[in-house]
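J.: Below are the structure tokens for one structure; questions will follow.
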Amino acid sequence: MKNTGLSKLITAGAAMALIGVATAGILPANASTKTTLTVAYPSVYAFDTGPLAAKWWSQVKADFTKIYPNVKVQYIALPGSYQDVVNKLSLLYRSSSTAPDVAEMPSAQIGLWSSSGYLLPMNKYLKTSSWFKDFPKVIQSEGKFNGNIYAVNDGENDSELMYNKTMFKKAGIPVPWKPTTWQDIISAAQKIKKALPNVTPLWLNAGTGSGANGLLQGINNFIVGSSTPTIETKSGKMVVDSPGIKAALGFYQKVYADGLGASESALFSPNAVTDPLTLFKTGKLAMAVGSNYYGGNWTKFINAPYWPQAVATMGVTGLPNEAGTGIASTLAGWDLAIGSHAPDAQMAYNFINVAQAPKNLIDAANWAGWVPPVESDWTLPAYTNFAPPYNADFAKVLPSATETPTSANYSAWVQGMGEATGLFVQNPKTTVSQALSTFENYVTQQLGNSAVTKLK
Amino acid sequence: MVDVLETPTPLERPEANEETQGKKIRKTFSNGLLLVFGLLFFAPMIWLVFASLDSQATWAVEWPHFTLSNFHTVMSGTDLQALVNSLILAIVSTAIATTSGMLAAYSLSRRRIPFKGPLLLFVLFTSGVPLTILIVPLYQLFATYGLLSIIPTAIFLAVTSLPFEIYLIKNFIDAVPEDLEEAARLERASTFQVLTRVIGPLALPGIAAAAIFGFVNAWGSFIVPLILISPSSQQPAPVAIYGFIGAANVRYGDIAAYSLIFCVPVFILYALSARLFREGFVLGGAVKG
Amino acid sequence: MASSSVHDAIIDPSAVDLWKTRKDRARFQWSSLAMLSPAFALLIILFLIPVGYAVYLGFTNLTLVGPTAVHWFYTGTQNLQRLGSDTEFRSSLELTAFFVIGSIVGVLIVGYGLASLLLRATPWVRVLVGGVVVIAWMMPAITAGMTWYASTTAQGTFATLIGLSNSDFLGSYPLLIVTIANIWSQTGFAMLVIGAALRNIPSEILEAADVENASKFQRFRLVVLPMLRPTMTAVVLLVALLSLANFSLIYVMTQGGPGNATNILPLYSYQQAFEFNNLAYGALIGNVMVIIAAVFGVLYVRVATKRSK
């Protein structure tokens, strides 16, 4: 063969390149005498936008490095949506070499990860914390399991009713609107339907498309406000039948049988949960069971979408509970936790401490559409003026909100409830007992008889 | 590819006039039918074009509020990096899969291998395992050896294309008559030369098809890089697209614009390979099973 | 193959096998193993071992998180028993059957139709239409999914084109729509391969049929189809396996919904493993998918080795 020399050289070069590329992944990047702190966070899902998330986390890193210059912070970005973030973190935690020292996680997962032994109790560090005692009790216990506090909250979401004041006035409903019973909501929706036939009266999340988030900003608000708010019993069983569930399903039945809700395609879209933001702006929606991030999204800063007339047009009021004695809301948020194998747990806590500094908490609240967990922040102008009047209003609801269930079986419950609520949308003639039996059968089938229970 | 060898013209006959009339009608009919099909295939893509140019894009198809800002936004730092990462992933993966696939296909086609039948079958049905399940043991494997980065992931993506590529290439190599190889060997050709001078050129459409398949497979891969690539600076484009779907809002315009840009390299690949498929088969003989 | 072994020894040392001088069948050569090894080394290390492990997982109680994420163990046939009484699984099987078979039929018909029409088309039509179809094939699943979602939901492209802007095709006929979307995304490749095979049919044979005054349909049935059979079988196999494993397209379009209307096996397996935390049970569903793929594989080999006369 001709040119054997040249071809040999090329082959050798290729082989070396291949080996180099292969080992690049295996050898450590650079050996350094600094300690490294690994921090994992959702790169696009938790904050309102990816760039805002990056901005906040680099702000925290800068603050931290000023105080602890000998510690290197290595960020692990968790891309994708809620399920992707959860999956990635679950995989990262499986081996101590990849487990992050600090992680931002959804509140619903804390129980699961702590029961796997992945998280470190923080009780002793929190004793010296200046901010933890300012959390309302319900938020303090968010990360508490068996007396150990495994995670601390850095932002919460809750729900209230958002309504279009102009449309309400046109329909003859007195504004500011203060419904005290579930029937009040139905009556208002019926009035809207009569006066403004081209507008969807009420946005009420239904169907499986929006997953747990859809329930959080949907039917769960009614279940936790009912006479039997329990979804998961203390012994870990999921409730598949109760007066509260029946009542909540009954509310859904009335809404969809009377044609007071949105269309099937709108509700079943995977991004249904955020569609009301646009629908309100384009004047196609009269009221919604909405969440606290609505206000911030309409500001120019967040621009998702920017609606300058939002404040003048939209009103907000608490969701009444079934008995008519007060307001109800669900509660879920994002928390920070320390990995159980963190080589320097104290330093990990120091990082959390910096992240929870007042300015950082307020920025996080504004940029992620959260209510800050520290009660005294709720009246700070930096927070309230970011998205008036919504931020202040949603904060007031927080102390009476009910936390989301945290067991692994909750996902099957979510799917079943999604199916049940979806039935009303697909066929408005569906009865409550039909929906209930579909829900009950599905969940019992998935979890087994010993994991479910009924309440009287 | 679409440019095919000219269909042979019929022998000249006096009745040709009437025949060519019939042929013309048939040709117009086929053209018409094809255009209808083409439109049907294009229809879903309309949204992509409209939404990418719309400053207030939603999932609905509506006349856009014209702007190029979406394209502007998505050609920024991290998203651009993601496109480059996709290129790296796809090129490395395709190179590995096609080279090793071609060697294996030749071997399976020409040589006597014990247990060839069961071996082929085995290769086939292992491709039935859902990727989402495979991810977990694979993740643990990669994590243990510190391989959670872009190149090892590209190697794994090559493996996911390998079964199909082997089958594809083998089918095309089967169609190459053995006499040509015999002749080459008589002329003192080594196996390497047989591969590059005889088999390669003749089976090229098949090899190209397999390579394109491998490229597209790696190019569109989402779950695999999401889980197996740790540094976010090495994440490829499909993961970046998910970045436009936030918890509180969805940036449809950006999704559409980015997707269009994302399709460009694939389109270039098609344009380049169209030439290749034009060659078609120089020899007769149908593709053997 | 009339070369003697001595001749071989002079020309190609690797072909020498002095101990086996039979010439009625190909000799086994060690270089064959060398050529097989890169592909099979990759397959064994990065595929077979994880697959074997995943298969084993199907018989354990591993979860993604929780106590059994760390302390898990072999549970024998427990998961199998659960599978037997799982109505959701049965429904998923039916949905998968519809999806896979529908895709195969659709791709074959449309792929063949396009391939044969393209043969006779004028060049610019060929480039345009062929191009669009191939681009549809090359589009990554996430883009294809988004595009089809936007096109088939209310106020989407199809609804608006027909004039019934509020009809939600995707919500009303989810399984049908995702099957059509799958056909749309897979036809390009079938068209390419069938087109190549059609071009391969020697023109003499086609003309012979014409001379015998065979009707169009007879020509198709007796000449074209048998010659295309190997290609068609290969296409069937490919579409079957790709559709069986199709996760991303449907996930982006419907996440398996509404309800569980499009929850085919790969999605159900993902749902069990990652959303419901039952990694082991999800792996078992994956094992079922492997068996189905194996059945297709066996059928393919049977059909493909039946030599045409």
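By order of appearance in the structure tokens: chains A, B, ..., then residues from 1 within every chain, and ligands from 1 in the order shown.
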Tell me, as an MDAnalysis selection string, which residues lie within 7 Å of stretch 256-258 of chain C, counting only C-alpha atoms; anything in the same chain fewer than 6 positions away does not count.

T.: (chainID A and resid 207:209 268) or (chainID C and resid 171 250 267)

J.: Using N, CA and C atoms, can you write the selected residues to a file as a PDB file, in the first residue's frame?

T.:
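Output saved as selection28.pdb:
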```pdb
ATOM      1  N   GLY A 207     -58.840  18.018  34.234  1.00  0.00           N
ATOM      2  CA  GLY A 207     -58.176  17.130  33.299  1.00  0.00           C
ATOM      3  C   GLY A 207     -56.778  16.769  33.766  1.00  0.00           C
ATOM      4  N   THR A 208     -56.189  15.804  33.069  1.00  0.00           N
ATOM      5  CA  THR A 208     -54.879  15.307  33.485  1.00  0.00           C
ATOM      6  C   THR A 208     -53.730  16.087  32.879  1.00  0.00           C
ATOM      7  N   GLY A 209     -54.025  16.935  31.905  1.00  0.00           N
ATOM      8  CA  GLY A 209     -52.955  17.615  31.173  1.00  0.00           C
ATOM      9  C   GLY A 209     -52.049  18.447  32.047  1.00  0.00           C
ATOM     10  N   PHE A 268     -57.309  21.121  28.439  1.00  0.00           N
ATOM     11  CA  PHE A 268     -56.482  19.932  28.348  1.00  0.00           C
ATOM     12  C   PHE A 268     -55.100  20.212  27.779  1.00  0.00           C
TER      13      PHE A 268
ATOM     14  N   GLY C 171     -58.265  16.881  21.112  1.00  0.00           N
ATOM     15  CA  GLY C 171     -58.996  16.479  22.312  1.00  0.00           C
ATOM     16  C   GLY C 171     -60.063  15.444  22.015  1.00  0.00           C
ATOM     17  N   ILE C 250     -45.609  11.580  21.386  1.00  0.00           N
ATOM     18  CA  ILE C 250     -46.885  11.590  22.101  1.00  0.00           C
ATOM     19  C   ILE C 250     -46.761  12.359  23.408  1.00  0.00           C
ATOM     20  N   LEU C 267     -45.222   5.286  27.241  1.00  0.00           N
ATOM     21  CA  LEU C 267     -45.651   6.347  28.135  1.00  0.00           C
ATOM     22  C   LEU C 267     -46.122   5.780  29.467  1.00  0.00           C
TER      23      LEU C 267
END
```

J.: Could you list, as a count of residues only, every residue of chain C that has an atom within 7 Å of an atom of chain A, counting only C-alpha atoms?

T.: 18

J.: Using only C-alpha atoms, pick whichever of B:His72, B:His65, B:Lys24, B:Arg197 has the shortest atom-to-atom distance to chain C.

T.: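 For chain C, the nearest of the candidates is B:Lys24.
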
J.: Which residue, B:Phe156, B:Trp59, B:Tyr270, B:Tyr167, has the smallest gap to chain A when you use only C-alpha atoms?

T.: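 When distances to chain A are compared using only C-alpha atoms, the smallest one comes from B:Trp59.
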
J.: Select, from A:Tyr41, A:Trp307, A:Tyr82, A:Phe132, the residue with the minimum atom-to-atom distance to chain B, counting only C-alpha atoms.

T.: A:Tyr82

J.: Out of A:Ala304, A:Leu380, A:Met122, A:Val138, which residue has the shortest atom-to-atom distance to chain B when counting only C-alpha atoms?

T.: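 Closest to chain B, using only C-alpha atoms: A:Ala304.
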
J.: Residues of chain B within 9 Å of chain A, counting only C-alpha atoms - could you list those as an MDAnalysis selection string?

T.: chainID B and resid 56 136 139:140 143:152 223 226:227 230:232 235 239:251

J.: Taking C-alpha atoms for each residue, export the selection above as a PDB file, in the first residue's frame.

T.:
```pdb
ATOM      1  CA  GLN B  56     -47.380  37.687  20.552  1.00  0.00           C
ATOM      2  CA  VAL B 136     -31.531   4.423  35.167  1.00  0.00           C
ATOM      3  CA  TYR B 139     -26.989   6.690  34.627  1.00  0.00           C
ATOM      4  CA  GLN B 140     -25.536   4.707  37.479  1.00  0.00           C
ATOM      5  CA  ALA B 143     -21.964   8.285  37.254  1.00  0.00           C
ATOM      6  CA  THR B 144     -19.620   5.672  38.700  1.00  0.00           C
ATOM      7  CA  TYR B 145     -16.989   6.299  36.046  1.00  0.00           C
ATOM      8  CA  GLY B 146     -17.467  10.045  35.793  1.00  0.00           C
ATOM      9  CA  LEU B 147     -18.827   9.891  32.256  1.00  0.00           C
ATOM     10  CA  LEU B 148     -21.718  12.308  32.633  1.00  0.00           C
ATOM     11  CA  SER B 149     -20.673  14.568  29.773  1.00  0.00           C
ATOM     12  CA  ILE B 150     -21.253  15.104  26.102  1.00  0.00           C
ATOM     13  CA  ILE B 151     -18.850  12.675  24.428  1.00  0.00           C
ATOM     14  CA  PRO B 152     -19.809   9.543  26.382  1.00  0.00           C
ATOM     15  CA  ILE B 223     -34.298  12.413  27.425  1.00  0.00           C
ATOM     16  CA  LEU B 226     -31.149  15.546  29.775  1.00  0.00           C
ATOM     17  CA  ILE B 227     -30.253  12.765  32.170  1.00  0.00           C
ATOM     18  CA  SER B 230     -24.343  16.926  33.793  1.00  0.00           C
ATOM     19  CA  PRO B 231     -22.851  20.331  32.895  1.00  0.00           C
ATOM     20  CA  SER B 232     -25.604  22.592  31.617  1.00  0.00           C
ATOM     21  CA  GLN B 235     -26.819  20.412  26.969  1.00  0.00           C
ATOM     22  CA  VAL B 239     -33.252  20.573  26.191  1.00  0.00           C
ATOM     23  CA  ALA B 240     -32.966  24.286  25.443  1.00  0.00           C
ATOM     24  CA  ILE B 241     -36.391  24.205  23.795  1.00  0.00           C
ATOM     25  CA  TYR B 242     -37.846  22.947  27.043  1.00  0.00           C
ATOM     26  CA  GLY B 243     -36.314  25.988  28.617  1.00  0.00           C
ATOM     27  CA  PHE B 244     -38.932  28.084  26.918  1.00  0.00           C
ATOM     28  CA  ILE B 245     -41.677  26.293  28.815  1.00  0.00           C
ATOM     29  CA  GLY B 246     -41.656  27.749  32.282  1.00  0.00           C
ATOM     30  CA  ALA B 247     -43.900  27.103  35.237  1.00  0.00           C
ATOM     31  CA  ALA B 248     -45.592  30.440  34.828  1.00  0.00           C
ATOM     32  CA  ASN B 249     -45.483  31.055  31.081  1.00  0.00           C
ATOM     33  CA  VAL B 250     -44.706  29.512  27.719  1.00  0.00           C
ATOM     34  CA  ARG B 251     -42.746  31.419  25.092  1.00  0.00           C
TER      35      ARG B 251
END
```

J.: Name the residues in contact with C:Ala121 at a cut-off of 9 Å, using only C-alpha atoms, excluding same-chain residues fewer than 5 positions from it; report them as a VMD selection string.

T.: (chain B and resid 27 to 28 30 to 31 34) or (chain C and resid 126)

J.: I'd like the contact shell of A:Ser433 - 12 Å cut-off, only C-alpha atoms, skipping same-chain residues fewer than 4 positions apart - returned as a list of chain:residue names.

T.: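 Once the nearby chain positions are removed, what remains is A:Asp241, A:Ser242, A:Pro243, A:Ile245, A:Lys246, A:Ala247, A:Leu249, A:Gly250, A:Gln253, A:Ala420, A:Thr421, A:Leu423, A:Phe424, A:Lys429, A:Ser437, A:Thr438, A:Phe439, A:Glu440, A:Asn441.
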
J.: Go ahead and save the residues from that selection, with N, CA and C atoms, as a PDB file, in the first residue's frame.

T.:
```
ATOM      1  N   ASP A 241     -62.549   8.668  48.923  1.00  0.00           N
ATOM      2  CA  ASP A 241     -63.961   9.029  48.988  1.00  0.00           C
ATOM      3  C   ASP A 241     -64.185   9.730  50.310  1.00  0.00           C
ATOM      4  N   SER A 242     -64.798  10.895  50.262  1.00  0.00           N
ATOM      5  CA  SER A 242     -65.091  11.620  51.483  1.00  0.00           C
ATOM      6  C   SER A 242     -66.139  12.666  51.145  1.00  0.00           C
ATOM      7  N   PRO A 243     -66.842  13.163  52.153  1.00  0.00           N
ATOM      8  CA  PRO A 243     -67.829  14.211  51.879  1.00  0.00           C
ATOM      9  C   PRO A 243     -67.186  15.406  51.193  1.00  0.00           C
ATOM     10  N   ILE A 245     -64.541  15.473  49.170  1.00  0.00           N
ATOM     11  CA  ILE A 245     -64.260  15.189  47.759  1.00  0.00           C
ATOM     12  C   ILE A 245     -65.557  15.234  46.963  1.00  0.00           C
ATOM     13  N   LYS A 246     -66.609  14.651  47.549  1.00  0.00           N
ATOM     14  CA  LYS A 246     -67.909  14.675  46.851  1.00  0.00           C
ATOM     15  C   LYS A 246     -68.364  16.102  46.632  1.00  0.00           C
ATOM     16  N   ALA A 247     -68.195  16.951  47.655  1.00  0.00           N
ATOM     17  CA  ALA A 247     -68.655  18.337  47.530  1.00  0.00           C
ATOM     18  C   ALA A 247     -67.852  19.074  46.458  1.00  0.00           C
ATOM     19  N   LEU A 249     -66.279  17.782  43.898  1.00  0.00           N
ATOM     20  CA  LEU A 249     -66.688  17.280  42.586  1.00  0.00           C
ATOM     21  C   LEU A 249     -68.046  17.849  42.210  1.00  0.00           C
ATOM     22  N   GLY A 250     -68.898  18.018  43.234  1.00  0.00           N
ATOM     23  CA  GLY A 250     -70.203  18.607  42.970  1.00  0.00           C
ATOM     24  C   GLY A 250     -70.098  20.018  42.427  1.00  0.00           C
ATOM     25  N   GLN A 253     -69.150  19.766  38.910  1.00  0.00           N
ATOM     26  CA  GLN A 253     -70.259  19.280  38.096  1.00  0.00           C
ATOM     27  C   GLN A 253     -71.171  20.440  37.719  1.00  0.00           C
ATOM     28  N   ALA A 420     -61.085  12.352  36.768  1.00  0.00           N
ATOM     29  CA  ALA A 420     -62.442  12.615  37.226  1.00  0.00           C
ATOM     30  C   ALA A 420     -62.895  14.021  36.822  1.00  0.00           C
ATOM     31  N   THR A 421     -62.060  15.028  37.089  1.00  0.00           N
ATOM     32  CA  THR A 421     -62.459  16.392  36.719  1.00  0.00           C
ATOM     33  C   THR A 421     -62.549  16.522  35.208  1.00  0.00           C
ATOM     34  N   LEU A 423     -63.614  14.340  33.183  1.00  0.00           N
ATOM     35  CA  LEU A 423     -64.882  13.771  32.709  1.00  0.00           C
ATOM     36  C   LEU A 423     -65.956  14.838  32.597  1.00  0.00           C
ATOM     37  N   PHE A 424     -66.028  15.753  33.575  1.00  0.00           N
ATOM     38  CA  PHE A 424     -67.058  16.799  33.541  1.00  0.00           C
ATOM     39  C   PHE A 424     -66.887  17.678  32.313  1.00  0.00           C
ATOM     40  N   LYS A 429     -72.703  16.060  31.029  1.00  0.00           N
ATOM     41  CA  LYS A 429     -73.791  15.359  31.700  1.00  0.00           C
ATOM     42  C   LYS A 429     -73.280  14.362  32.747  1.00  0.00           C
ATOM     43  N   SER A 437     -66.619   7.401  41.032  1.00  0.00           N
ATOM     44  CA  SER A 437     -66.256   5.992  40.908  1.00  0.00           C
ATOM     45  C   SER A 437     -65.079   5.809  39.963  1.00  0.00           C
ATOM     46  N   THR A 438     -65.013   6.624  38.910  1.00  0.00           N
ATOM     47  CA  THR A 438     -63.833   6.538  38.039  1.00  0.00           C
ATOM     48  C   THR A 438     -62.572   6.834  38.837  1.00  0.00           C
ATOM     49  N   PHE A 439     -62.648   7.895  39.630  1.00  0.00           N
ATOM     50  CA  PHE A 439     -61.509   8.308  40.447  1.00  0.00           C
ATOM     51  C   PHE A 439     -61.132   7.205  41.428  1.00  0.00           C
ATOM     52  N   GLU A 440     -62.138   6.718  42.145  1.00  0.00           N
ATOM     53  CA  GLU A 440     -61.882   5.731  43.184  1.00  0.00           C
ATOM     54  C   GLU A 440     -61.294   4.451  42.591  1.00  0.00           C
ATOM     55  N   ASN A 441     -61.896   3.987  41.490  1.00  0.00           N
ATOM     56  CA  ASN A 441     -61.419   2.741  40.892  1.00  0.00           C
ATOM     57  C   ASN A 441     -59.984   2.871  40.413  1.00  0.00           C
TER      58      ASN A 441
END
```

J.: Could you give me, as a PyMOL selection string, each residue of stretch 95-342 of chain A that DSSP assigns to strand (DSSP E) when run on this structure's backbone?

T.: chain A and resi 102-106+144-145+148-149+151-157+159-164+200-203+238-241+285-291+314-317+319-320+327-328+330-338

J.: Convert the current residue selection to file output with C-alpha atoms, as a PDB file, in the first residue's frame.

T.:
```pdb
ATOM      1  CA  VAL A 102     -27.464  22.005  48.549  1.00  0.00           C
ATOM      2  CA  ALA A 103     -30.507  21.645  46.345  1.00  0.00           C
ATOM      3  CA  GLU A 104     -33.629  23.633  45.570  1.00  0.00           C
ATOM      4  CA  MET A 105     -36.556  21.249  45.495  1.00  0.00           C
ATOM      5  CA  PRO A 106     -40.340  21.339  45.281  1.00  0.00           C
ATOM      6  CA  LYS A 144     -40.576  18.765  59.049  1.00  0.00           C
ATOM      7  CA  PHE A 145     -40.826  14.975  59.234  1.00  0.00           C
ATOM      8  CA  ASN A 148     -36.523  16.735  61.906  1.00  0.00           C
ATOM      9  CA  ILE A 149     -36.467  19.726  59.629  1.00  0.00           C
ATOM     10  CA  ALA A 151     -35.697  21.671  54.187  1.00  0.00           C
ATOM     11  CA  VAL A 152     -36.514  25.333  54.540  1.00  0.00           C
ATOM     12  CA  ASN A 153     -38.821  27.216  52.247  1.00  0.00           C
ATOM     13  CA  ASP A 154     -37.642  30.022  50.022  1.00  0.00           C
ATOM     14  CA  GLY A 155     -40.908  30.848  48.248  1.00  0.00           C
ATOM     15  CA  GLU A 156     -44.549  29.747  48.272  1.00  0.00           C
ATOM     16  CA  ASN A 157     -47.500  29.589  45.904  1.00  0.00           C
ATOM     17  CA  SER A 159     -54.455  30.506  45.257  1.00  0.00           C
ATOM     18  CA  GLU A 160     -57.187  33.106  45.178  1.00  0.00           C
ATOM     19  CA  LEU A 161     -59.981  34.147  42.849  1.00  0.00           C
ATOM     20  CA  MET A 162     -58.994  36.665  40.160  1.00  0.00           C
ATOM     21  CA  TYR A 163     -61.789  38.509  38.399  1.00  0.00           C
ATOM     22  CA  ASN A 164     -62.265  41.199  35.776  1.00  0.00           C
ATOM     23  CA  THR A 200     -65.526  32.307  29.416  1.00  0.00           C
ATOM     24  CA  PRO A 201     -67.051  32.884  32.826  1.00  0.00           C
ATOM     25  CA  LEU A 202     -64.751  30.810  35.038  1.00  0.00           C
ATOM     26  CA  TRP A 203     -61.369  29.192  34.528  1.00  0.00           C
ATOM     27  CA  MET A 238     -54.810   8.237  50.283  1.00  0.00           C
ATOM     28  CA  VAL A 239     -58.429   9.274  50.649  1.00  0.00           C
ATOM     29  CA  VAL A 240     -60.522   8.096  47.715  1.00  0.00           C
ATOM     30  CA  ASP A 241     -63.961   9.029  48.988  1.00  0.00           C
ATOM     31  CA  LEU A 285     -62.010  35.421  30.571  1.00  0.00           C
ATOM     32  CA  ALA A 286     -64.045  36.822  33.420  1.00  0.00           C
ATOM     33  CA  MET A 287     -62.650  35.024  36.478  1.00  0.00           C
ATOM     34  CA  ALA A 288     -60.268  32.288  37.433  1.00  0.00           C
ATOM     35  CA  VAL A 289     -59.096  30.241  40.362  1.00  0.00           C
ATOM     36  CA  GLY A 290     -55.681  31.784  40.031  1.00  0.00           C
ATOM     37  CA  SER A 291     -52.308  31.738  41.639  1.00  0.00           C
ATOM     38  CA  MET A 314     -58.358  42.860  37.757  1.00  0.00           C
ATOM     39  CA  GLY A 315     -59.598  42.317  41.240  1.00  0.00           C
ATOM     40  CA  VAL A 316     -58.598  39.595  43.667  1.00  0.00           C
ATOM     41  CA  THR A 317     -60.475  37.939  46.490  1.00  0.00           C
ATOM     42  CA  LEU A 319     -61.547  31.527  47.833  1.00  0.00           C
ATOM     43  CA  PRO A 320     -64.361  30.809  50.241  1.00  0.00           C
ATOM     44  CA  ILE A 327     -60.996  31.400  53.001  1.00  0.00           C
ATOM     45  CA  ALA A 328     -59.142  28.314  51.823  1.00  0.00           C
ATOM     46  CA  THR A 330     -53.549  25.193  48.782  1.00  0.00           C
ATOM     47  CA  LEU A 331     -49.901  25.680  49.570  1.00  0.00           C
ATOM     48  CA  ALA A 332     -46.830  24.494  47.745  1.00  0.00           C
ATOM     49  CA  GLY A 333     -43.449  25.985  47.163  1.00  0.00           C
ATOM     50  CA  TRP A 334     -39.753  25.528  46.672  1.00  0.00           C
ATOM     51  CA  ASP A 335     -37.327  24.687  49.436  1.00  0.00           C
ATOM     52  CA  LEU A 336     -33.622  24.437  50.094  1.00  0.00           C
ATOM     53  CA  ALA A 337     -32.138  21.281  51.592  1.00  0.00           C
ATOM     54  CA  ILE A 338     -28.722  19.899  52.524  1.00  0.00           C
TER      55      ILE A 338
END
```

J.: Would you please extract all alpha helix (DSSP H) residues from stretch 122-254 of chain B, as assigned by DSSP on the backbone, and give them as a PyMOL selection string?

T.: chain B and resi 122-126+131-144+150-174+178-186+191-193+200-219+223-228+237-242+252-254

J.: Show me, as JSON, numbers by chain, the residues that have an atom within 7 Å of B:Asp54 when counting only C-alpha atoms, minus same-chain residues fewer than 4 positions from it.

T.: {"B": [50, 64, 65, 66, 67, 253]}

J.: If you keep N, CA and C atoms, can you produce a file of those selected residues as a PDB file, in the first residue's frame?

T.:
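What landed in again.pdb:
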```pdb
ATOM      1  N   PHE B  50     -45.479  30.895  11.149  1.00  0.00           N
ATOM      2  CA  PHE B  50     -46.224  32.042  11.655  1.00  0.00           C
ATOM      3  C   PHE B  50     -45.782  32.442  13.055  1.00  0.00           C
ATOM      4  N   PRO B  64     -49.434  36.796  12.003  1.00  0.00           N
ATOM      5  CA  PRO B  64     -48.472  37.289  12.996  1.00  0.00           C
ATOM      6  C   PRO B  64     -48.384  38.801  13.097  1.00  0.00           C
ATOM      7  N   HIS B  65     -48.037  39.283  14.288  1.00  0.00           N
ATOM      8  CA  HIS B  65     -47.617  40.671  14.477  1.00  0.00           C
ATOM      9  C   HIS B  65     -46.123  40.656  14.178  1.00  0.00           C
ATOM     10  N   PHE B  66     -45.779  40.984  12.958  1.00  0.00           N
ATOM     11  CA  PHE B  66     -44.455  40.679  12.446  1.00  0.00           C
ATOM     12  C   PHE B  66     -43.301  41.228  13.269  1.00  0.00           C
ATOM     13  N   THR B  67     -42.378  40.349  13.560  1.00  0.00           N
ATOM     14  CA  THR B  67     -41.171  40.768  14.268  1.00  0.00           C
ATOM     15  C   THR B  67     -40.101  39.716  14.055  1.00  0.00           C
ATOM     16  N   GLY B 253     -43.430  31.888  20.719  1.00  0.00           N
ATOM     17  CA  GLY B 253     -42.694  32.485  19.605  1.00  0.00           C
ATOM     18  C   GLY B 253     -41.255  32.014  19.583  1.00  0.00           C
TER      19      GLY B 253
END
```

J.: Leaving out stretch 40-43 of chain C and any residue of its chain fewer than 2 positions from it, which residues lie within 9 Å of it when counting only C-alpha atoms, given as a list in words?

T.: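 The contact residues come out as Ser100, Ala104, Val123, Ile155, Phe156, Ala158, Val159, Thr160, Leu162 and Pro163 of chain B; Leu36, Ser37, Pro38, Ile45, Leu46, Phe47, Leu48 and Ile49 of chain C.
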
J.: Produce a file of the selected residues containing N, CA and C atoms, as a compact mmCIF listing (two decimals), in the first residue's frame.

T.:
```
# COMPACT_ATOMS: atom_id res chain seq x y z
N SER B 100 -18.79 1.64 12.77
CA SER B 100 -18.85 0.31 13.37
C SER B 100 -20.00 -0.49 12.78
N ALA B 104 -19.72 -4.13 10.89
CA ALA B 104 -20.52 -5.25 11.37
C ALA B 104 -21.44 -5.76 10.27
N VAL B 123 -29.93 -8.57 18.26
CA VAL B 123 -29.66 -7.16 18.00
C VAL B 123 -30.98 -6.41 17.82
N ILE B 155 -21.53 8.64 22.47
CA ILE B 155 -21.24 7.23 22.22
C ILE B 155 -22.48 6.39 22.51
N PHE B 156 -23.18 6.71 23.60
CA PHE B 156 -24.39 5.93 23.89
C PHE B 156 -25.44 6.14 22.81
N ALA B 158 -24.89 6.67 19.76
CA ALA B 158 -24.47 5.84 18.64
C ALA B 158 -25.00 4.42 18.83
N VAL B 159 -24.91 3.94 20.06
CA VAL B 159 -25.37 2.58 20.35
C VAL B 159 -26.87 2.44 20.10
N THR B 160 -27.64 3.50 20.38
CA THR B 160 -29.08 3.39 20.16
C THR B 160 -29.43 3.33 18.68
N LEU B 162 -27.36 1.91 16.48
CA LEU B 162 -26.61 0.81 15.90
C LEU B 162 -27.46 -0.33 15.33
N PRO B 163 -28.43 -0.86 16.09
CA PRO B 163 -29.20 -1.99 15.53
C PRO B 163 -29.83 -1.65 14.18
N LEU C 36 -16.61 -7.36 13.48
CA LEU C 36 -17.83 -7.27 14.29
C LEU C 36 -17.59 -6.57 15.61
N SER C 37 -16.33 -6.66 16.06
CA SER C 37 -16.10 -6.27 17.46
C SER C 37 -16.42 -4.83 17.83
N PRO C 38 -16.10 -3.82 17.02
CA PRO C 38 -16.44 -2.48 17.51
C PRO C 38 -17.93 -2.36 17.82
N ILE C 45 -21.44 -3.53 26.04
CA ILE C 45 -21.15 -2.73 27.23
C ILE C 45 -22.22 -1.70 27.50
N LEU C 46 -22.59 -0.96 26.46
CA LEU C 46 -23.49 0.17 26.70
C LEU C 46 -24.95 -0.16 26.51
N PHE C 47 -25.24 -1.36 26.01
CA PHE C 47 -26.64 -1.66 25.75
C PHE C 47 -27.08 -2.92 26.47
N LEU C 48 -26.44 -4.03 26.14
CA LEU C 48 -26.88 -5.31 26.69
C LEU C 48 -26.81 -5.35 28.20
N ILE C 49 -25.73 -4.85 28.75
CA ILE C 49 -25.60 -4.90 30.21
C ILE C 49 -26.66 -4.04 30.88
```
